[in-house]
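Written out below as structure tokens is the structure these notes cover.
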Amino acid sequence: MRYNKKELRLRVDFNNMMSKSVGQDGFTDKQLLAASAEAESAFESVKAGRGKGMMGWTELPYNQDEIVEDILATAKYVRKNFEYFVVLGIGGSALGPIAAFQAICHLHYNELPKRKRKGPKFYVEDNVDPERMEALFDVIDVEKTMFNVVTKSGSTSETMTQYLIIRDVLEKKLGDKASEHIIATTSRDSGNLIKIAQKEGYKTFYIPDGVGGRFSELCPVGLLPAAVVGIDIKGMLAGARYMDELCSSSNPRKNSALMAALMQHLAMKKGKNVSVMMPYADGLKYMADWYCQLWGESLGKNKNLDGSACNKGQTPVKALGVTDQHSQVQLYAEGPFDKVITFIAVDRYRAQVAIPDGCEEFPNVNFLCGHTMNELIQAERRATEYALTKAGKLNHTIVLPELNEFTLGELIMFFELETAYTGALMQIDTFNQPGVEEGKNATYALLGRPGYDEKREELASAPQKLNRYII
Ligand code: PA5
């Protein structure tokens with residue numbers, strides 16, 4: 001599909017980050033100018049790292065032509081032969097597929113009749129709650145299901161547990177044909193899943209080496225599930241490329257992701273420890289979840305790049321406009337000055353719903369008549385933005401002309417670049433996750449994985465819980 005990139009350009013409105021709008025917590029042009037050298041050096045360090053080490057994700061919009069063709073052919077095969085597609089994965093191996101599905105597919109996709117869906121019913125199992133696993137078996141027919149096991153490390157307990165359960169069920173039902181129901185997405189040459197996949201003969205897609213879980217939506221981790229449900233993955237990649245182009249200047253005034261990073265960095269220095277992501281679109285509800293992982297796991301660190309100790313980061317919080325106006329916005333407006341709020345606005349929704357006439361005798365209801373839901377959601381967003389600005393709370397708005405594959409790609413690239421620039425400004429390693437690894441290793445030790453005896457001893461010698469504190 002062709003997209004008009006100029007018409008679909010993502011814009012960011014930073015007005016309400018400035019002191020002239022928001023008062024003393026905001027920035028002045030002079031402050032931004034004074035920080036521009038710092039921003040430029042963050043830009044240069046990200047630019048120098050592109051495609052190297054853990055920054056393979058910067059090249060994903062450019063280097064996957066062959067893989068995309070394989071993904072499209074596989075997706076076509078899955079659509080023709082299966083009625084259910086289930087992703088098994090967690091963290092970065094699940095949040096992107098969930099976000100893209102929600103953003104592009106019908107909001108009640110699985111409930112639609114088959115002829116109205118572009119692909120099989122779609123589920124992402126990103127937990128090991130036994131009730132959820134059992135519930136899955138109540139709504140799928142494994143004999144008509146393709147499972148996509150996604151794990152970069154090839155050893156994450158949650159994903160491998162789900163895999164073991166699924167494999168067992170498949171083998172009992174289908175015997176030798178079980179392997180035709182599993183696609184593996186994993187590292188080419190490390191971890192256990194690749195070895196299992198080779199032994200069992202699974203169709204396999206590779207996660208490129210320099211692409212960490214939370215930066216993996218634009219590689220087969222995200223592209224295969226997206227293609228299966230009929231999402232135009234070439235459009236997503238084109239949008240990401242366009243955003244990358246738009247962010248090619250070291251001047252924050254000409255690079256929206258760099259400006260966003262600079263402002264978040266300066267805001268953190270002023271004690272803004274919370275980053276609220278609040279899209280005004282149900283389609284972007286899970287983009288906020290994806291963002292929370294990207295922002296939290298990338299920037300929450302206890303070491304600077306020079307090895308010195310720190311405790312840095314900004315706690316990401318998800319909210320949904322307008323729903324959370326009726327729960328969280330009271331806190332944002334009147335609570336502590338510790339947040340930066342990012343609204344996501346959509347200019348043109350994919351539906352237009354008129355509010356019909358009625359209740360003429362009740363003017364306080366009737367004023368809504370003749371308007372549309374589209375006008376109402378826009379008015380509520382503007383009103384909330386106004387109220388928070390009036391209360392002196394830092395906020396900015398990302399504007400998507402409409403929500404489609406191209407703008408989704410732009411948004412993903414925007415957030416990935418913003419995160420990389422922010423990490424560079426903070427002088428931390430954006431791409432590791434030792435805090436997550438610690439928990440993974442403790443789980444391995446608790447469940448008796450070979451090679452984890454030392455960790456098991458460490459856990460045994462940790463302070464034991466005392467009953468007197470359990471009431
Ligand atoms: O971003 C990350 O690296 C993590 O959140 C991982 O995606 C998550 O822990 C799952 O890891 P894996 O893909 O190795 O199973």
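Each chain of the structure tokens is named A, B, ... in the order shown, its residues numbered from 1; ligands are numbered from 1 in display order.
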
Selection within 9 Å of ligand 1 by only C-alpha atoms and all ligand atoms, output as a VMD selection string: chain A and resid 89 to 95 150 to 160 186 to 187 191 211 to 216 221 293 to 294 297 to 298 431 to 433 436 to 437 440

Test item, strand (DSSP E) assignment across stretch 186-277 of chain A, answer as a list in words: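 Reading the DSSP output for stretch 186-277 of chain A, strand (DSSP E) covers Thr186, Lys203, Thr204, Phe205, Tyr206, Val274, Ser275, Val276 and Met277 of chain A.
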
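Distance annotation: of A:Pro363, A:Ser41, A:Asp306, A:Leu10, the residue with the minimal separation from A:Ile428 is A:Asp306; atom set is only C-alpha atoms.
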
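With only C-alpha atoms as the basis for measurement, A:Leu258 is the residue among A:Met268, A:Leu258, A:Leu376, A:Ile104 that approaches A:Ala37 most closely.
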
Length of the atom CA of A:Ile98 to atom CA of A:Gly283 vector [Å]: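 Distance between the two atoms: 10.6 Å.
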
Contacts of A:Lys177 within 12 Å, only C-alpha atoms, excl. fewer than 4 positions in-chain, as an MDAnalysis selection string: chainID A and resid 142:144 146 167 169:173 181:182 200:202

Would you mind exporting all heavy atoms of the selected residues as a compact mmCIF listing (two decimals), in the first residue's frame?
```txt
# COMPACT_ATOMS: atom_id res chain seq x y z
N VAL A 142 -6.44 -26.79 19.24
CA VAL A 142 -5.00 -26.87 18.96
C VAL A 142 -4.70 -27.47 17.59
O VAL A 142 -3.70 -27.14 16.97
CB VAL A 142 -4.20 -27.64 20.04
CG1 VAL A 142 -4.08 -26.83 21.30
CG2 VAL A 142 -4.78 -28.98 20.31
N GLU A 143 -5.60 -28.29 17.12
CA GLU A 143 -5.35 -28.91 15.81
C GLU A 143 -5.46 -27.90 14.67
O GLU A 143 -5.01 -28.13 13.56
CB GLU A 143 -6.32 -30.07 15.58
CG GLU A 143 -6.04 -31.21 16.55
CD GLU A 143 -6.97 -32.40 16.35
OE1 GLU A 143 -7.21 -32.78 15.19
OE2 GLU A 143 -7.48 -32.92 17.36
N LYS A 144 -6.08 -26.75 14.98
CA LYS A 144 -6.23 -25.70 13.95
C LYS A 144 -5.43 -24.46 14.34
O LYS A 144 -5.74 -23.35 13.92
CB LYS A 144 -7.71 -25.33 13.81
CG LYS A 144 -8.56 -26.48 13.29
CD LYS A 144 -10.02 -26.07 13.25
CE LYS A 144 -10.87 -27.25 12.79
NZ LYS A 144 -12.26 -27.10 13.12
N MET A 146 -1.69 -22.39 14.94
CA MET A 146 -0.25 -22.23 14.77
C MET A 146 0.26 -21.46 16.00
O MET A 146 -0.30 -20.42 16.36
CB MET A 146 0.07 -21.46 13.49
CG MET A 146 1.56 -21.20 13.29
SD MET A 146 2.51 -22.74 13.09
CE MET A 146 2.43 -22.95 11.33
N ARG A 167 3.65 -28.04 23.36
CA ARG A 167 4.28 -29.15 22.63
C ARG A 167 3.69 -30.49 23.08
O ARG A 167 3.38 -31.36 22.26
CB ARG A 167 5.78 -29.08 22.88
CG ARG A 167 6.57 -30.23 22.35
CD ARG A 167 8.00 -29.98 22.73
NE ARG A 167 8.67 -31.20 23.07
CZ ARG A 167 9.89 -31.48 22.63
NH1 ARG A 167 10.54 -30.64 21.88
NH2 ARG A 167 10.47 -32.60 22.99
N VAL A 169 0.74 -31.02 24.44
CA VAL A 169 -0.64 -31.16 23.96
C VAL A 169 -0.64 -31.52 22.46
O VAL A 169 -1.38 -32.40 22.01
CB VAL A 169 -1.43 -29.84 24.20
CG1 VAL A 169 -2.80 -29.89 23.55
CG2 VAL A 169 -1.57 -29.57 25.69
N LEU A 170 0.21 -30.81 21.70
CA LEU A 170 0.25 -31.06 20.26
C LEU A 170 0.70 -32.48 19.96
O LEU A 170 0.12 -33.17 19.10
CB LEU A 170 1.21 -30.08 19.58
CG LEU A 170 0.71 -28.64 19.36
CD1 LEU A 170 1.85 -27.75 18.89
CD2 LEU A 170 -0.42 -28.62 18.34
N GLU A 171 1.73 -32.93 20.68
CA GLU A 171 2.25 -34.27 20.40
C GLU A 171 1.20 -35.34 20.73
O GLU A 171 1.06 -36.31 19.99
CB GLU A 171 3.55 -34.51 21.16
CG GLU A 171 4.70 -33.88 20.40
CD GLU A 171 6.04 -34.01 21.08
OE1 GLU A 171 6.10 -34.56 22.20
OE2 GLU A 171 7.04 -33.53 20.49
N LYS A 172 0.48 -35.10 21.82
CA LYS A 172 -0.55 -36.09 22.18
C LYS A 172 -1.64 -36.14 21.11
O LYS A 172 -2.19 -37.19 20.81
CB LYS A 172 -1.15 -35.76 23.54
CG LYS A 172 -0.20 -36.19 24.65
CD LYS A 172 -0.78 -35.96 26.02
CE LYS A 172 0.22 -36.40 27.08
NZ LYS A 172 0.31 -35.47 28.18
N LYS A 173 -1.97 -34.98 20.54
CA LYS A 173 -3.06 -34.94 19.56
C LYS A 173 -2.59 -35.28 18.15
O LYS A 173 -3.31 -35.88 17.37
CB LYS A 173 -3.69 -33.54 19.51
CG LYS A 173 -4.46 -33.20 20.74
CD LYS A 173 -5.73 -32.45 20.39
CE LYS A 173 -6.55 -32.33 21.66
NZ LYS A 173 -7.91 -32.08 21.51
N HIS A 181 3.00 -27.22 13.68
CA HIS A 181 2.15 -26.22 14.35
C HIS A 181 2.98 -25.24 15.18
O HIS A 181 2.41 -24.51 15.98
CB HIS A 181 1.12 -26.93 15.25
CG HIS A 181 0.05 -27.62 14.46
ND1 HIS A 181 -1.27 -27.23 14.49
CD2 HIS A 181 0.12 -28.66 13.59
CE1 HIS A 181 -1.97 -28.01 13.69
NE2 HIS A 181 -1.15 -28.90 13.14
N ILE A 182 4.28 -25.28 15.02
CA ILE A 182 5.12 -24.39 15.84
C ILE A 182 6.09 -23.63 14.95
O ILE A 182 6.78 -24.23 14.11
CB ILE A 182 5.89 -25.21 16.91
CG1 ILE A 182 4.90 -25.85 17.89
CG2 ILE A 182 6.88 -24.30 17.67
CD1 ILE A 182 5.53 -26.72 18.95
N GLU A 200 13.70 -30.35 16.10
CA GLU A 200 12.30 -30.69 15.77
C GLU A 200 11.92 -30.29 14.35
O GLU A 200 10.82 -30.61 13.89
CB GLU A 200 11.34 -29.99 16.75
CG GLU A 200 11.59 -30.31 18.22
CD GLU A 200 11.23 -31.75 18.57
OE1 GLU A 200 10.37 -32.34 17.87
OE2 GLU A 200 11.83 -32.29 19.51
N GLY A 201 12.77 -29.50 13.71
CA GLY A 201 12.47 -29.07 12.34
C GLY A 201 11.42 -27.98 12.26
O GLY A 201 10.64 -27.93 11.30
N TYR A 202 11.38 -27.07 13.26
CA TYR A 202 10.40 -25.98 13.20
C TYR A 202 10.82 -24.94 12.17
O TYR A 202 12.01 -24.65 12.02
CB TYR A 202 10.30 -25.24 14.56
CG TYR A 202 9.90 -26.09 15.74
CD1 TYR A 202 10.34 -25.77 17.01
CD2 TYR A 202 9.04 -27.19 15.58
CE1 TYR A 202 9.98 -26.51 18.12
CE2 TYR A 202 8.68 -27.95 16.68
CZ TYR A 202 9.15 -27.62 17.95
OH TYR A 202 8.80 -28.37 19.03
```

Write out as a Markdown table a residue-level contact list of stretch 290-346 of chain A versus stretch 384-391 of chain A with cut-off 10 Å: for each qualifying residue the closest pair of atoms and the distance in Å to one decimal, counting only C-alpha atoms, rows sorted by chain and residue number upward.
```
| residue | atom | partner | partner_atom | distance |
| --- | --- | --- | --- | --- |
| A:Gly321 | CA | A:Thr384 | CA | 9.3 |
| A:Val322 | CA | A:Thr384 | CA | 9.0 |
| A:Gln325 | CA | A:Thr384 | CA | 7.7 |
| A:Val329 | CA | A:Thr384 | CA | 8.0 |
| A:Gln330 | CA | A:Leu388 | CA | 9.5 |
| A:Tyr332 | CA | A:Leu388 | CA | 7.2 |
| A:Ala333 | CA | A:Leu388 | CA | 5.3 |
| A:Glu334 | CA | A:Ala391 | CA | 7.2 |
| A:Gly335 | CA | A:Ala391 | CA | 9.8 |
| A:Phe337 | CA | A:Ala391 | CA | 9.5 |
| A:Ile341 | CA | A:Leu388 | CA | 9.1 |
| A:Thr342 | CA | A:Glu385 | CA | 9.9 |
| A:Phe343 | CA | A:Glu385 | CA | 8.2 |
```

Atom CA of A:Asn81 to atom CA of A:Ile196, distance in Å rounded to a single decimal: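 Atom CA of A:Ile196 lies at a distance of 23.8 Å from atom CA of A:Asn81.
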
Computed interatomic separation between atom CA of A:Ala73 and atom CA of A:Leu218 (Å): 17.2 Å

12 Å contact set for A:Leu237, only C-alpha atoms, chain neighbours under 4 positions out, as a ChimeraX atom specification: /A:1,3,57-65,68,217-220,222-223,226,231-233,241-244,404-413

Pick from A:Glu375, A:Glu7, A:Asp29, A:Asp357 nearest to A:Val399, counting only C-alpha atoms: A:Glu7

Who sits within 7 Å of stretch 414-425 of chain A, only C-alpha atoms, same chain under 6 positions skipped, as number ranges by chain: A: 39, 42-43, 46, 215, 243, 257-258, 260-262, 265, 295, 299

Sel. of alpha helix (DSSP H) residues, stretch 174-306 of chain A, as an MDAnalysis selection string: chainID A and resid 174 193:200 220:228 233:246 256:269 285:299

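The list of residues with at least one atom within 12 Å of stretch 109-116 of chain A, based on only C-alpha atoms and without residues fewer than 3 positions apart in the same chain, reads Arg79, Lys80, Phe82, Glu83, Tyr84, Phe85, Phe101, Gln102, Ala103, Ile104, Cys105, His106, Gly119, Pro120, Lys121, Phe122, Tyr123, Val139, Ile140, Val229, Gly230 and Gly283 of chain A.
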
Per-residue nearest contacts stretch 333-446 of chain A to stretch 11-24 of chain A, cut-off 6 Å, using only C-alpha atoms, as a Markdown table:
```
| residue | atom | partner | partner_atom | distance |
| --- | --- | --- | --- | --- |
| A:Thr389 | CA | A:Val22 | CA | 5.3 |
| A:Gly392 | CA | A:Val22 | CA | 4.6 |
| A:Leu394 | CA | A:Met17 | CA | 5.1 |
| A:Asn395 | CA | A:Asn16 | CA | 5.4 |
| A:His396 | CA | A:Phe14 | CA | 5.0 |
| A:Thr397 | CA | A:Asp13 | CA | 5.1 |
| A:Ile398 | CA | A:Val12 | CA | 4.4 |
| A:Val399 | CA | A:Arg11 | CA | 5.1 |
```
